[in-house]
Every structure is written in C-alpha cells, then in structure tokens.
2 protein chains.
Amino acid sequence: MSERRSVNVGLCGLGTVGQGVWKHLQRSQAELSARLGLPVVVRRAAVRSLKKARAIKFPASRLTTDPLSIATDPDIDIVCELMGGIDAARDVTRAALKRGKIVISANKALISAHGAEIFALARQHGGHFFFEASVAGGIPIIKALREGLVANRFPRIYGILNGTCNYILTEMASAGAPYAGVLAEAKRLGYAEADESLDVQGWDTAHKAAVLAWLAHGIWVRPDQMIVEGIDRITPADLSNAATLGYGVKLLAIITRDFSTNELSVRVHPTLLPRRNVIANVGGVFNAIAVTGDVVGTTLYIGRGAGQDATASAVISDIADAVALIRYGKGAHLTSETAPPPRQGCHIAPPERIRSRYYLRLTVKDRPGVLARVAAVMARHQVSIASVLQHPADRPGAAALVLTTHESDERSIRRALAVLARLSSVLERPLLLRIGDFGD
Amino acid sequence: MSERRSVNVGLCGLGTVGQGVWKHLQRSQAELSARLGLPVVVRRAAVRSLKKARAIKFPASRLTTDPLSIATDPDIDIVCELMGGIDAARDVTRAALKRGKIVISANKALISAHGAEIFALARQHGGHFFFEASVAGGIPIIKALREGLVANRFPRIYGILNGTCNYILTEMASAGAPYAGVLAEAKRLGYAEADESLDVQGWDTAHKAAVLAWLAHGIWVRPDQMIVEGIDRITPADLSNAATLGYGVKLLAIITRDFSTNELSVRVHPTLLPRRNVIANVGGVFNAIAVTGDVVGTTLYIGRGAGQDATASAVISDIADAVALIRYGKGAHLTSETAPPPRQGCHIAPPERIRSRYYLRLTVKDRPGVLARVAAVMARHQVSIASVLQHPADRPGAAALVLTTHESDERSIRRALAVLARLSSVLERPLLLRIGDFGD
C-alpha cells in the first residue's frame with residue numbers, strides 16, 4: 001500500500017459532463033475521502049477555450065488547452081477523457097494508458113471503434129480503462145454485468161440505450177406529433193444534439209450495444225456487422241397502429257447469443273414491445289436494460305441515460321473504483337480489463353439468420369385488388385400474415401396498409417419487401433419494424 | 001500477491017441455496033477460473049444430516065455435520081453461511097471472522113440483528129463480510145448502492161423486497177381470491193415457508209430494509225424502531241377498491257432521509273402505488289427497488305428476489321469479489337465493511353412524524369348517519385377526506401366504507417382511527433393502508 005496523500009485527477013474536457021464531475025466531486029469531497037481513505041483532488045482540466053464562461057468556478061491557473069499535457073503529467077493518476085469525438089480522445093487515452101495511468105471515459109464512440117486497441121494497451125502497460133458512464137448514464141450496468149452477474153452467461157440483453165430517441169418516440173406517441181416537430185423541440189430542450197443523426201439513426205445505440213456485447217461475450221462487434229435502423233421514418237400513425245395492436249415502440253439494442261451454436265447477434269432497430277413488458281412503458285429520456293442471465297433469470301435496470309448529473313454519478317463511481325485500485329495495487333479489481341470474459345469460440349451470426357415477427361407499413365393506391373396482390377407476395381416468400389389494419393394515408397387516393405406477420409426470418413421478409421417495393425400500387429418505400437417477443 | 005493455487009470455499013448449509021451455489025460453481029468452473037485468475041474450490045460442506053438425499057452429488061467425504069469445523073478450518077478462505085436462522089449462523093460467522101476469513105451470507109435476519117457486531121468483528125480481525133444475496137436475491141443492489149452509486153446520498157429508497165408477499169398480493173388481485181387460499185397455494189408451490197409469519201407480517205422485509213438503510217446511511221435501525229405492517233389483513237375487496245381508485249397494492253420497504261433535519265425513517269407496510277409507477281406493475285415473486293440518489297436521480301432495479309438460482313448468482317458474485325480481495329490483498333475493495341458510509345449525525349425520525357395520504361377501510365353497520373359520524377371524527381382530527389367508496393361488506397347488514405385522505409400525519413390518523421374503532425357502528429378493527437406518492 002503506497003503512502004500517498006491524495007489521488008490526483010485530470011479532466012480532459014470541461015463541458016457538460018466535465019463540469020458535472022467537478023461540481024459533484026467538490027460537493028461530496030468529505031464523504032468520498034472518508035469512504036475511500038484518501039482525498040480525490042482535481043489537479044487540472046483541459047478545455048478548448050480558456051476564455052469561455054462556465055457555470056462552475058474552476059481555478060483558471062489549473063486550466064490548459066492541451067489535453068495531452070494532462071495525459072502525460074506524472075503528477076496525475078486518473079485521466080477522465082470527457083472530450084467526446086474520436087481522434088483527440090484516442091490520443092489522450094493512448095498517451096495516458098502508455099504511462100500506466102487509469103483512464104475513465106464516457107466515450108462509447110471511441111470504445112466501439114478502438115476498444116480492442118485500448119484494452120490491449122492497458123494490459124501491456126499496466127494501465128486501466130474504466131467506462132461505466134459510456135452506457136446507460138447513471139445506471140451502473142457495466143458493474144452489474146461484470147461483477148454483480150459474474151456467475152452468469154447472457155443469452156439475451158436488450159434495452160433502450162438512447163434517451164434522445166426514447167424522448168422523441170414518447171412525445172410522438174403521446175402528442176401524436178410528427179417526427180420533425182418533436183425533434184426540433186428536443187433540440188430546443190437540449191435533449192438532442194444540433195446534428196441528431198448519430199442518435200436518431202441508431203449509431204449511438206450501436207456503439208453502446210458493442211460495449212455491452214464485448215462485456216458479456218468478449219467479442220468486438222462493429223456497427224457494420226449489425227442491423228442498425230433508426231427512428232427517423234416512424235410516423236405518429238405507426239405509433240398509434242402499434243398501440244391499437246397492443247404494443248409500444250422503442251428503439252432497442254438487442255444482443256442475443258445462442259450457446260448451442262455459439263452464434264452472437266447484435267442489432268439495433270425500432271421494436272414493437274407488448275404493453276405488458278415493463279420496458280414498453282419506460283418513457284422520456286430514460287434508459288432501460290433487461291439482462292437475461294442463465295443463472296439469475298432476467299433482471300431489469302432503469303434510469304436516466306444521459307445528462308450532466310447522471311453521467312457524473314457514473315464517472316465518480318469509476319473514480320472510486322480507481323482509487324481502490326491505486327491504493328491497493330493495480331489489478332485488484334474485477335472491473336479491470338485484464339479479465340475480459342472468455343470468448344469461447346463465439347462468432348457473429350449472419351443478420352439474415354435472425355427470426356422475428358414483423359410490422360410492415362405500406363402506402364398503397366386505394367383501389368381494389370391491392371391487398372390481394374400484397375398478400376400473394378408475402379405468401380410466395382413464405383411469410384405468413386397475422387393481422388391487417390388499413391386506414392387512409394396522408395396523401396390523397398392512398399391508404400396505409402399495416403400488416404403484422406407470424407415469425408419469419410430476415411432473408412424472407414427482405415425478399416418480400418424488395419418485391420413489394422417494386423409493385424406499381426405501392427407508393428412509398430415500405431416501413432419494416434420488428435416485434436419483440438421477449439417473454440418477460 | 002500470494003502464490004496460492006486455489007481459493008477454498010466452505011459451504012455451511014447445503015439446502016436450496018447451498019446446493020444452488022455448488023451446482024453453478026461446478027458448471028461455470030472453467031469460466032470463473034479464467035476470469036478470476038484462480039480456481040474456486042468447494043472443499044467442504046456442513047449439513048444437518050449426512051443421510052439426507054440431495055439433488056446434487058456432493059462428495060460424501062467432504063461433508064460434515066459441524067459447521068464450526070468449517071468456520072475454523074485453516075484451509076478454508078471463504079465461508080458461505082447459508083444455514084439461515086440466527087444463533088448457529090452467528091456462531092459460524094463470528095468464528096470465521098475472528099480468524100480473518102471472508103464470510104458470505106444471505107442471512108438478512110442475522111445481519112439485521114447482529115450487523116453492528118459482525119462488521120466490528122470483521123474490522124477488528126481483518127476479516128470481511130459480504131452479503132449481496134441478503135437483499136433482493138439476484139439483483140445486484142448492494143453493489144449498486146455501495147459502488148455504482150457511491151457519488152450519491154439517498155433521500156429515498158423504496159421497493160418490493162419480499163417475493164412471497166408480492167406473489168400473494170398479485171394472485172389475490174388477479175384472481176380475486178382470498179388471502180388464506182392464496183397463501184395455501186403459495187405454500188404448495190414452495191413460494192411461502194411452512195411458517196409464513198416472517199414474510200407476511202413484514203419482518204423479512206424489515207430485516208432487508210435495515211440492511212439497505214445501513215448501507216445508505218451508516219446507521220442500524222431495529223425493526224422495533226420502524227412501522228412494520230404486513231399483508232395478512234388485506235382482502236381481495238381492498239385490492240379491487242385500490243384498482244378502482246387507480247392504484248396497485250404492494251408491500252414496500254420505504255427508507256427516507258431528510259438531509260436538512262438529518263432524520264431517517266424506515267418503514268414497511270402495504271402501500272397503494274399509482275398504476276403509472278413501474279413498481280405497481282411488478283408482479284409475482286419479483287422484487288423491485290427504486291433508489292433516488294441526489295446526483296443520479298432515480299434508478300430502478302427489478303428481478304427475482306429469491307429462489308435457488310437467483311440467490312446462487314448473488315452468492316457467487318460475492319465469491320468473485322472475495323477472490324479479488326484474497327489475490328490482491330485484504331481491503332482492496334469498496335465492498336469492504338471497513339468503509340461504511342459516514343453517519344453524519346443521522347438519527348431516526350419518530351414514526352408519527354411521517355406524512356402520507358391514507359386508505360381506510362371500515363366495516364360499518366349499514367344504516368343512515370354512519371358516514372356523517374365517521375366524517376365528523378376525521379374532521380375533528382384534522383384529517384381531510386379525499387374520496388369515499390361504499391359497497392356491501394362480507395357480513396349481512398354491514399357495509400364497507402372506504403375513505404382516502406389528503407396528506408396527514410401518523411399521529412392524527414392514528415388518533416382518528418382509535419376513536420373510529422370505538423364507535424358502535426364500526427364492526428371490525430379498521431384497516432389502514434398508506435398511499436405512496438413517490439412522484440416517479
């Protein structure tokens with residue numbers, strides 16, 4: 001046990017999250033010191049502009065515009081990489097890990113893109129990389145998966161990992177408002193970024209799914225190996241159709257592993273969840289994750305997935321774990337990346353192997369014979385129709401034809417969809433959603 | 001770092017939980033060894049009878065009828081106390097801790113009664129006491145509170161901590177079946193003990209609430225310092241009245257702390273929860289806990305609260321943490337009882353300070369003037385009535401009068417209740433339930 005007087009933290013990035021970490025570390029200083037046995041001192045912070053006004057009073061003398069100088073500072077034990085983005089964040093992370101430091105990150109995009117490199121670097125140089133804040137904000141899901149549920153293998157993990165999308169879907173469903181208007185409102189409220197594409201097209205969720213898949217299965221899945229579909233083509237009518245059928249619509253990450261074939265599947269798409277499923281009722285900016293372990297059964301975690309305070313809570317829990325590591329010797333902790341779960345020949349399933357029930361919305365010419373033609377195409381591709389709804393579409397002379405199917409597979413439904421899209425009576429690209437039958 | 005070849009576990013108790021731990025340790029041996037860096041070996045187990053047939057094949061040569069011989073065996077590092085009960089469990093725990101061993105326990109009754117002694121003993125002798133399985137079974141709530149949410153203070157924690165009661169309430173509500181019949185069925189299914197009193201009268205929940213209160217606030221609250229009320233006087237009619245009013249009824253533990261007065265309140269009672277509250281919709285043997293942290297906001301945890309596998313999952317997670325401790329030096333972990341949260345002058349609030357809205361069921365003579373008399377009593381005690389339901393009672397010539405109140409306090413409502421109980425027109429002891437307004 002080293003005889004040090006404090007544990008020194010450097011904050012790379014003093015935006016929303018960085019300011020939250022600083023604020024709550026200041027506020028809980030006495031309690032945290034008592035708990036951890038050593039004071040946690042924020043020695044320096046790196047910012048983009050020294051002149052920018054900030055809501056917190058961070059001592060000007062401890063600010064720098066050079067995050068690398070923090071990553072390489074021998075006086076700093078823990079580097080919190082809270083800058084976001086990939087390239088500069090990666091440089092900071094690499095530099096700190098190469099010096100055996102502990103890096104704490106909320107950066108799912110970075111981890112998803114360079115996780116393998118980051119963890120190898122940490123192992124090689126005796127550094128550590130903690131990332132509780134990267135998935136589901138304030139919910140301690142990383143710790144739960146890695147430590148609390150260590151006795152389990154995970155046939156299924158699924159959930160809402162993007163608060164922006166969940167806010168938009170919740171508002172669209174409750175107010176019947178169209179996507180564009182709700183998105184604009186979300187931007188105004190600060191729930192959506194100026195460039196919303198990462199969120200609404202599902203990529204942010206895919207990055208987080210990659211982190212969870214690695215934690216649970218020890219294998220890195222790239223977003224281009226997943227089905228990734230966003231929420232930007234969903235209309236209030238889809239949400240009300242789903243409600244009529246007894247479902248809520250959520251953008252889900254779904255990670256399944258078949259332990260008999262050892263196939264892993266990771267996908268991100270809007271999903272119809274039966275109303276009796278708790279996750280179907282999680283609204284607003286909240287995240288929710290259902291983890292099925294082969295020993296424990298299904299446990300469920302719900303909380304704020306983003307925001308200054310929730311994210312700071314997660315970063316500070318990593319800091320606390322890091323202090324324990326520093327005090328009692330590197331490697332003393334299960335969260336250490338030196339212990340990824342064994343891969344055991346696990347491999348990625350081809351997406352077309354996925355089986356599901358489907359929701360299909362077609363905008364068709366409102367005239368006789370169209371339903372018969374659509375049904376014939378479905379039948380030819382062995383996709384069995386379970387229910388049909390029809391209502392007037394937004395455009396004159398058109399109808400919205402909503403089908404749900406019995407269980408089928410991606411290959412069959414996509415082939416059917418391709419044929420349907422070419423029918424002269426089908427006026428727009430069909431919308432395909434999946435129905436989530438998770439039996440909880 | 002010691003150069004040991006394995007970590008040796010002794011199981012005191014080979015009943016449902018002990019067998020589950022053995023089974024899942026055997027099954028996941030290779031994975032766990034890879035993850036923890038050392039094999040976990042179950043060296044011995046103590047049973048009450050050597051002759052009893054068991055579902056698992058535990059080597060007979062490693063069985064003993066003397067649990068203390070395991071607690072004192074120098075070859076055993078981790079003692080899992082899975083016997084239940086208090087006295088013998090306490091002897092085993094004390095003996096093991098005095099030898100600096102790590103004790104893992106699922107025994108909330110023991111912890112609630114002797115937690116202060118146990119943790120003092122562990123500190124004194126360099127032992128450790130882990131207890132993830134003692135509250136909410138497979139849900140890693142201890143780890144979440146202690147590590148994942150370490151940045152937080154906890155103004156409110158509440159939830160369903162007893163699966164037996166939740167099963168009974170769920171069945172009564174869905175089938176309209178009376179308490180006694182559902183209880184008998186629960187016993188038949190193994191969801192309730194032969195002696196159900198610990199569960200249905202709320203004491204098991206109170207023990208778990210005491211553990212959570214200590215974790216969150218560093219103070220031991222005895223059940224006799226709490227309001228503890230059970231579910232055994234609730235009728236199907238109460239559940240249907242509650243449903244009519246928009247509520248579900250759950251037996252909750254509620255732990256609140258007012259950080260301005262530093263008053264802590266811990267109570268256990270059936271509670272009417274608005275249907276929109278996720279916890280109101282958690283049915284069957286599931287547990288659910290809502291934790292409000294001052295940084296993270298409210299996070300919610302749902303899962304199986306009992307049963308062989310869920311409990312084994314929690315015990316094995318403690319074993320994994322214990323292995324990390326053993327490998328890298330005692331005290332290396334935040335879960336260590338050497339770091340309870342600071343008490344900070346926190347003290348227990350007198351129960352009559354609690355404010356709530358109330359649900360009151362009176363069985364009254366079905367004749368004119370009764371409601372006026374009841375209302376007058378309520379008014380005299382400054383309890384304001386919010387709604388009235390009346391329907392025929394189970395007995396002839398009687399009516400059930402169901403009142404809900406606006407917010408009041410325990411002192412006023414209890415005084416009103418005492419007067420009501422003495423009215424000649426009130427035929428049975430009134431039933432008082434509380435309404436949970438948790439704003440989530």
# chains A, B, ... in the order shown; residues from 1 in each chain; ligands from 1

call {"tool": "interface_residues", "arguments": {"of": "chain A", "to": "chain B", "cutoff": "6 Å", "atoms": "only C-alpha atoms", "output": "ChimeraX atom specification"}}
result
/A:35,138,140,148,150-151,295-296,299-303,309-310,313,316-317,324,328,332,339

call {"tool": "residues_around", "arguments": {"residues": "region 412-418 of chain B", "least_positions_apart": "6", "cutoff": "7 Å", "atoms": "only C-alpha atoms", "output": "list of chain:residue names"}}
result
B:Val377, B:Met378, B:His381, B:Val383

call {"tool": "write_last_selection", "arguments": {"atoms": "N, CA, C and O atoms", "output": "CSV table (one decimal), in the first residue's frame"}}
result
chain,number,residue,atom,x,y,z
B,377,VAL,N,-65.5,12.4,12.9
B,377,VAL,CA,-64.3,12.0,13.6
B,377,VAL,C,-63.1,12.4,12.9
B,377,VAL,O,-62.1,13.0,13.4
B,378,MET,N,-63.1,12.2,11.6
B,378,MET,CA,-62.0,12.5,10.7
B,378,MET,C,-61.7,14.1,10.8
B,378,MET,O,-60.6,14.5,11.0
B,381,HIS,N,-60.1,15.4,13.9
B,381,HIS,CA,-58.6,15.1,14.0
B,381,HIS,C,-57.8,15.7,12.8
B,381,HIS,O,-56.7,15.3,12.6
B,383,VAL,N,-58.1,15.4,9.8
B,383,VAL,CA,-57.7,14.6,8.6
B,383,VAL,C,-58.8,14.8,7.5
B,383,VAL,O,-60.0,14.6,7.8

call {"tool": "closest_residue", "arguments": {"among": "A:Ser174, A:Thr404, A:Ser424, A:Asn8", "to": "Asp73 (chain A)", "atoms": "only C-alpha atoms"}}
result
A:Asn8

call {"tool": "select_by_dssp", "arguments": {"residues": "region 263-314 of chain B", "states": "helix (DSSP H, G or I)", "output": "list in words"}}
result
Val278, Ile279, Ala280, Asn281, Gln308, Asp309, Ala310, Thr311, Ala312, Ser313 and Ala314 of chain B

call {"tool": "closest_residue", "arguments": {"among": "B:Pro430, B:Pro274, B:Gly218, B:Pro223", "to": "Leu403 (chain B)", "atoms": "only C-alpha atoms"}}
result
B:Pro430

call {"tool": "residues_around", "arguments": {"residues": "Asp87 (chain B)", "least_positions_apart": "2", "cutoff": "12 Å", "atoms": "only C-alpha atoms", "output": "PyMOL selection string"}}
result
chain B and resi 81+83-85+89-94+107+109-111+113-114

call {"tool": "write_last_selection", "arguments": {"atoms": "all heavy atoms", "output": "JSON list (two decimals), in the first residue's frame"}}
result
[["chain", "number", "residue", "atom", "x", "y", "z"],
["B", 81, "GLU", "N", -22.11, -18.77, 4.75],
["B", 81, "GLU", "CA", -23.09, -19.12, 5.78],
["B", 81, "GLU", "C", -24.46, -19.12, 5.13],
["B", 81, "GLU", "O", -25.05, -18.06, 4.90],
["B", 81, "GLU", "CB", -23.00, -18.11, 6.94],
["B", 81, "GLU", "CG", -23.88, -18.45, 8.13],
["B", 81, "GLU", "CD", -25.32, -18.05, 7.92],
["B", 81, "GLU", "OE1", -25.61, -16.83, 7.92],
["B", 81, "GLU", "OE2", -26.16, -18.96, 7.74],
["B", 83, "MET", "N", -27.05, -21.29, 6.25],
["B", 83, "MET", "CA", -27.88, -22.14, 7.09],
["B", 83, "MET", "C", -29.21, -21.49, 7.41],
["B", 83, "MET", "O", -30.20, -22.16, 7.65],
["B", 83, "MET", "CB", -27.14, -22.44, 8.39],
["B", 83, "MET", "CG", -25.71, -22.96, 8.19],
["B", 83, "MET", "SD", -24.92, -23.44, 9.75],
["B", 83, "MET", "CE", -24.79, -21.86, 10.56],
["B", 84, "GLY", "N", -29.20, -20.16, 7.48],
["B", 84, "GLY", "CA", -30.39, -19.46, 7.96],
["B", 84, "GLY", "C", -30.47, -19.54, 9.47],
["B", 84, "GLY", "O", -29.60, -20.12, 10.12],
["B", 85, "GLY", "N", -31.51, -18.94, 10.02],
["B", 85, "GLY", "CA", -31.63, -18.88, 11.47],
["B", 85, "GLY", "C", -30.61, -17.91, 12.04],
["B", 85, "GLY", "O", -29.83, -17.31, 11.29],
["B", 89, "ALA", "N", -25.90, -19.60, 13.03],
["B", 89, "ALA", "CA", -25.32, -18.80, 11.95],
["B", 89, "ALA", "C", -24.38, -17.74, 12.53],
["B", 89, "ALA", "O", -23.31, -17.46, 11.99],
["B", 89, "ALA", "CB", -26.44, -18.13, 11.14],
["B", 90, "ARG", "N", -24.79, -17.18, 13.65],
["B", 90, "ARG", "CA", -23.96, -16.17, 14.29],
["B", 90, "ARG", "C", -22.65, -16.78, 14.81],
["B", 90, "ARG", "O", -21.58, -16.20, 14.65],
["B", 90, "ARG", "CB", -24.74, -15.55, 15.44],
["B", 90, "ARG", "CG", -24.00, -14.43, 16.16],
["B", 90, "ARG", "CD", -24.86, -13.95, 17.32],
["B", 90, "ARG", "NE", -24.21, -12.93, 18.11],
["B", 90, "ARG", "CZ", -24.54, -12.67, 19.37],
["B", 90, "ARG", "NH1", -25.54, -13.35, 19.96],
["B", 90, "ARG", "NH2", -23.91, -11.73, 20.02],
["B", 91, "ASP", "N", -22.75, -17.96, 15.41],
["B", 91, "ASP", "CA", -21.54, -18.64, 15.91],
["B", 91, "ASP", "C", -20.55, -18.89, 14.77],
["B", 91, "ASP", "O", -19.35, -18.64, 14.91],
["B", 91, "ASP", "CB", -21.92, -19.98, 16.57],
["B", 91, "ASP", "CG", -22.69, -19.77, 17.87],
["B", 91, "ASP", "OD1", -22.62, -18.65, 18.42],
["B", 91, "ASP", "OD2", -23.35, -20.72, 18.32],
["B", 92, "VAL", "N", -21.07, -19.40, 13.65],
["B", 92, "VAL", "CA", -20.22, -19.69, 12.49],
["B", 92, "VAL", "C", -19.58, -18.40, 11.97],
["B", 92, "VAL", "O", -18.38, -18.34, 11.70],
["B", 92, "VAL", "CB", -21.06, -20.36, 11.38],
["B", 92, "VAL", "CG1", -20.36, -20.28, 10.03],
["B", 92, "VAL", "CG2", -21.35, -21.82, 11.76],
["B", 93, "THR", "N", -20.39, -17.37, 11.86],
["B", 93, "THR", "CA", -19.91, -16.09, 11.33],
["B", 93, "THR", "C", -18.82, -15.52, 12.24],
["B", 93, "THR", "O", -17.76, -15.09, 11.76],
["B", 93, "THR", "CB", -21.09, -15.11, 11.21],
["B", 93, "THR", "OG1", -22.06, -15.68, 10.32],
["B", 93, "THR", "CG2", -20.64, -13.76, 10.68],
["B", 94, "ARG", "N", -19.08, -15.52, 13.53],
["B", 94, "ARG", "CA", -18.10, -14.99, 14.48],
["B", 94, "ARG", "C", -16.79, -15.77, 14.42],
["B", 94, "ARG", "O", -15.70, -15.18, 14.37],
["B", 94, "ARG", "CB", -18.66, -15.04, 15.90],
["B", 94, "ARG", "CG", -19.77, -14.01, 16.17],
["B", 94, "ARG", "CD", -20.49, -14.32, 17.48],
["B", 94, "ARG", "NE", -19.55, -14.44, 18.58],
["B", 94, "ARG", "CZ", -19.35, -13.52, 19.51],
["B", 94, "ARG", "NH1", -20.05, -12.40, 19.47],
["B", 94, "ARG", "NH2", -18.47, -13.70, 20.45],
["B", 107, "ASN", "N", -28.13, -14.05, 4.90],
["B", 107, "ASN", "CA", -28.95, -14.11, 6.11],
["B", 107, "ASN", "C", -29.33, -12.72, 6.64],
["B", 107, "ASN", "O", -28.68, -12.18, 7.54],
["B", 107, "ASN", "CB", -28.16, -14.90, 7.15],
["B", 107, "ASN", "CG", -29.01, -15.33, 8.31],
["B", 107, "ASN", "OD1", -29.99, -14.68, 8.65],
["B", 107, "ASN", "ND2", -28.63, -16.44, 8.93],
["B", 109, "ALA", "N", -31.85, -11.83, 8.44],
["B", 109, "ALA", "CA", -32.28, -11.82, 9.85],
["B", 109, "ALA", "C", -31.06, -11.66, 10.75],
["B", 109, "ALA", "O", -31.06, -10.86, 11.70],
["B", 109, "ALA", "CB", -33.05, -13.09, 10.18],
["B", 110, "LEU", "N", -30.01, -12.41, 10.43],
["B", 110, "LEU", "CA", -28.77, -12.32, 11.21],
["B", 110, "LEU", "C", -28.16, -10.92, 11.11],
["B", 110, "LEU", "O", -27.77, -10.33, 12.13],
["B", 110, "LEU", "CB", -27.76, -13.35, 10.69],
["B", 110, "LEU", "CG", -26.35, -13.27, 11.31],
["B", 110, "LEU", "CD1", -26.39, -13.72, 12.76],
["B", 110, "LEU", "CD2", -25.36, -14.12, 10.52],
["B", 111, "ILE", "N", -28.08, -10.40, 9.90],
["B", 111, "ILE", "CA", -27.43, -9.09, 9.72],
["B", 111, "ILE", "C", -28.23, -8.01, 10.44],
["B", 111, "ILE", "O", -27.66, -7.14, 11.12],
["B", 111, "ILE", "CB", -27.29, -8.73, 8.23],
["B", 111, "ILE", "CG1", -26.57, -9.86, 7.48],
["B", 111, "ILE", "CG2", -26.55, -7.42, 8.05],
["B", 111, "ILE", "CD1", -26.56, -9.70, 5.97],
["B", 113, "ALA", "N", -30.11, -8.32, 13.01],
["B", 113, "ALA", "CA", -30.00, -8.45, 14.47],
["B", 113, "ALA", "C", -28.59, -8.16, 14.97],
["B", 113, "ALA", "O", -28.41, -7.58, 16.05],
["B", 113, "ALA", "CB", -30.43, -9.85, 14.90],
["B", 114, "HIS", "N", -27.57, -8.56, 14.22],
["B", 114, "HIS", "CA", -26.20, -8.50, 14.75],
["B", 114, "HIS", "C", -25.21, -7.84, 13.80],
["B", 114, "HIS", "O", -24.00, -8.07, 13.91],
["B", 114, "HIS", "CB", -25.72, -9.93, 15.08],
["B", 114, "HIS", "CG", -26.56, -10.61, 16.11],
["B", 114, "HIS", "ND1", -26.58, -10.21, 17.44],
["B", 114, "HIS", "CD2", -27.45, -11.62, 16.02],
["B", 114, "HIS", "CE1", -27.43, -10.97, 18.12],
["B", 114, "HIS", "NE2", -27.98, -11.83, 17.28]]

call {"tool": "atom_distance", "arguments": {"atom1": "CA of Leu212 (chain B)", "atom2": "CA of Ala116 (chain B)"}}
result
13.6 Å

call {"tool": "atom_distance", "arguments": {"atom1": "CA of Ser425 (chain A)", "atom2": "CA of Leu360 (chain A)"}}
result
15.4 Å

call {"tool": "atom_distance", "arguments": {"atom1": "CA of Ala175 (chain B)", "atom2": "CA of Gly439 (chain A)"}}
result
21.5 Å
